[in-house]
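Q: So that we are looking at the same thing, I have put the structure below in structure tokens.
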Amino acid sequence: MSTSTDNATWEPPQRPGGHGRLDAAQVNALPESAFAFPRSRKEPMTDGLHVRNALARFDQVKDVSDAERDLAFANIKKAARFYNIKLHETDWRELGWKGGSNPPVDDD
């Protein structure tokens with residue numbers, strides 16, 4: 001299964017100076033369209049570093065549905081394309097644990 005960017009809501013932030021480390025006021029000032037997870041305003045993507053962070057932290061985001069993850073991954077793909085970041089994954093289910101010392105916990 002692949003996630004299309006057709007339904008992505010991410011748009012590059014219009015205001016300059018939103019790159020690099022963001023303080024709470026800067027994050028709060030961002031529109032929902034700047035986040036990977038817009039409804040919960042998680043993982044702002046204002047530059048390439050933040051897109052990479054959103055990928056790295058994707059599986060750590062809690063209390064979101066699969067539909068929200070579909071949207072978030074579409075947003076990440078759109079932001080990655082904008083910031084010229086090559087993604088190898090085509091679906092969010094390919095992200096996360098890759099055999100390190102802390103395997104995912106099965107909540108069943």
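Residues are referred to by chain and number: the chain letter is A, B, ... according to the order shown in the structure tokens, the number counts from 1 in that chain, and ligands are numbered separately from 1 in the order shown.
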Could you name the residues that touch segment 38-51 of chain A at 8 Å or less, counting only C-alpha atoms, but leaving out those on the same chain fewer than 3 positions away, as a count of residues only?
A: 21
Q: Looking only at the backbone, which of the residues in segment 21-105 of chain A does DSSP tag as alpha helix (DSSP H), as an NGL selection string?
A: :A and (24-29 or 48-57 or 66-82)
Q: Keeping only N, CA and C atoms, write the selected residues as a JSON list (two decimals), in the first residue's frame.
A:
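This is the output file result.json:
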[["chain", "number", "residue", "atom", "x", "y", "z"],
["A", 24, "ALA", "N", 8.40, 27.56, 21.57],
["A", 24, "ALA", "CA", 6.97, 27.27, 21.71],
["A", 24, "ALA", "C", 6.11, 28.32, 21.02],
["A", 25, "ALA", "N", 6.49, 29.57, 21.12],
["A", 25, "ALA", "CA", 5.70, 30.64, 20.49],
["A", 25, "ALA", "C", 5.71, 30.49, 18.97],
["A", 26, "GLN", "N", 6.86, 30.14, 18.40],
["A", 26, "GLN", "CA", 6.94, 29.96, 16.95],
["A", 26, "GLN", "C", 6.09, 28.76, 16.51],
["A", 27, "VAL", "N", 6.15, 27.67, 17.25],
["A", 27, "VAL", "CA", 5.33, 26.49, 16.92],
["A", 27, "VAL", "C", 3.86, 26.83, 17.02],
["A", 28, "ASN", "N", 3.47, 27.53, 18.08],
["A", 28, "ASN", "CA", 2.06, 27.91, 18.27],
["A", 28, "ASN", "C", 1.57, 28.85, 17.17],
["A", 29, "ALA", "N", 2.47, 29.63, 16.58],
["A", 29, "ALA", "CA", 2.09, 30.57, 15.53],
["A", 29, "ALA", "C", 1.94, 29.92, 14.16],
["A", 48, "GLY", "N", 14.05, 21.15, 6.00],
["A", 48, "GLY", "CA", 14.43, 19.76, 5.77],
["A", 48, "GLY", "C", 14.75, 19.00, 7.04],
["A", 49, "LEU", "N", 15.38, 19.65, 8.00],
["A", 49, "LEU", "CA", 15.71, 19.00, 9.27],
["A", 49, "LEU", "C", 14.44, 18.56, 10.00],
["A", 50, "HIS", "N", 13.42, 19.42, 9.99],
["A", 50, "HIS", "CA", 12.17, 19.08, 10.65],
["A", 50, "HIS", "C", 11.44, 17.94, 9.91],
["A", 51, "VAL", "N", 11.58, 17.87, 8.61],
["A", 51, "VAL", "CA", 10.98, 16.76, 7.85],
["A", 51, "VAL", "C", 11.65, 15.45, 8.27],
["A", 52, "ARG", "N", 12.98, 15.47, 8.36],
["A", 52, "ARG", "CA", 13.70, 14.27, 8.80],
["A", 52, "ARG", "C", 13.31, 13.89, 10.23],
["A", 53, "ASN", "N", 13.13, 14.89, 11.09],
["A", 53, "ASN", "CA", 12.69, 14.61, 12.46],
["A", 53, "ASN", "C", 11.29, 13.99, 12.48],
["A", 54, "ALA", "N", 10.40, 14.51, 11.64],
["A", 54, "ALA", "CA", 9.05, 13.95, 11.57],
["A", 54, "ALA", "C", 9.09, 12.48, 11.16],
["A", 55, "LEU", "N", 9.97, 12.15, 10.23],
["A", 55, "LEU", "CA", 10.14, 10.74, 9.83],
["A", 55, "LEU", "C", 10.66, 9.91, 10.98],
["A", 56, "ALA", "N", 11.69, 10.41, 11.65],
["A", 56, "ALA", "CA", 12.32, 9.67, 12.74],
["A", 56, "ALA", "C", 11.39, 9.46, 13.92],
["A", 57, "ARG", "N", 10.51, 10.40, 14.17],
["A", 57, "ARG", "CA", 9.62, 10.34, 15.33],
["A", 57, "ARG", "C", 8.22, 9.82, 15.00],
["A", 66, "ASP", "N", -5.10, 5.54, 12.22],
["A", 66, "ASP", "CA", -4.42, 5.17, 10.98],
["A", 66, "ASP", "C", -4.69, 6.19, 9.88],
["A", 67, "ALA", "N", -5.90, 6.74, 9.85],
["A", 67, "ALA", "CA", -6.22, 7.76, 8.85],
["A", 67, "ALA", "C", -5.36, 9.00, 9.07],
["A", 68, "GLU", "N", -5.14, 9.37, 10.32],
["A", 68, "GLU", "CA", -4.27, 10.51, 10.60],
["A", 68, "GLU", "C", -2.82, 10.20, 10.23],
["A", 69, "ARG", "N", -2.40, 8.95, 10.41],
["A", 69, "ARG", "CA", -1.05, 8.54, 9.99],
["A", 69, "ARG", "C", -0.94, 8.57, 8.47],
["A", 70, "ASP", "N", -2.00, 8.15, 7.77],
["A", 70, "ASP", "CA", -2.00, 8.23, 6.30],
["A", 70, "ASP", "C", -1.80, 9.68, 5.86],
["A", 71, "LEU", "N", -2.55, 10.60, 6.47],
["A", 71, "LEU", "CA", -2.43, 12.01, 6.14],
["A", 71, "LEU", "C", -1.04, 12.54, 6.50],
["A", 72, "ALA", "N", -0.55, 12.18, 7.67],
["A", 72, "ALA", "CA", 0.77, 12.65, 8.10],
["A", 72, "ALA", "C", 1.86, 12.18, 7.14],
["A", 73, "PHE", "N", 1.77, 10.92, 6.70],
["A", 73, "PHE", "CA", 2.80, 10.44, 5.78],
["A", 73, "PHE", "C", 2.69, 11.14, 4.43],
["A", 74, "ALA", "N", 1.47, 11.40, 3.97],
["A", 74, "ALA", "CA", 1.30, 12.17, 2.73],
["A", 74, "ALA", "C", 1.90, 13.56, 2.90],
["A", 75, "ASN", "N", 1.71, 14.17, 4.06],
["A", 75, "ASN", "CA", 2.28, 15.49, 4.33],
["A", 75, "ASN", "C", 3.80, 15.43, 4.34],
["A", 76, "ILE", "N", 4.36, 14.40, 4.96],
["A", 76, "ILE", "CA", 5.82, 14.24, 5.01],
["A", 76, "ILE", "C", 6.36, 14.06, 3.59],
["A", 77, "LYS", "N", 5.70, 13.24, 2.79],
["A", 77, "LYS", "CA", 6.15, 13.04, 1.40],
["A", 77, "LYS", "C", 6.14, 14.36, 0.63],
["A", 78, "LYS", "N", 5.09, 15.15, 0.81],
["A", 78, "LYS", "CA", 4.99, 16.43, 0.10],
["A", 78, "LYS", "C", 6.09, 17.39, 0.57],
["A", 79, "ALA", "N", 6.31, 17.45, 1.88],
["A", 79, "ALA", "CA", 7.36, 18.33, 2.43],
["A", 79, "ALA", "C", 8.74, 17.84, 1.99],
["A", 80, "ALA", "N", 8.95, 16.52, 1.98],
["A", 80, "ALA", "CA", 10.24, 15.97, 1.55],
["A", 80, "ALA", "C", 10.52, 16.34, 0.10],
["A", 81, "ARG", "N", 9.52, 16.25, -0.74],
["A", 81, "ARG", "CA", 9.70, 16.63, -2.14],
["A", 81, "ARG", "C", 10.06, 18.13, -2.24],
["A", 82, "PHE", "N", 9.38, 18.97, -1.46],
["A", 82, "PHE", "CA", 9.63, 20.41, -1.47],
["A", 82, "PHE", "C", 11.07, 20.72, -1.04]]
Q: Residues of segment 24-94 of chain A classed as strand (DSSP E) by DSSP on the backbone are to be reported as a ChimeraX atom specification.
A: /A:35-37,42-44
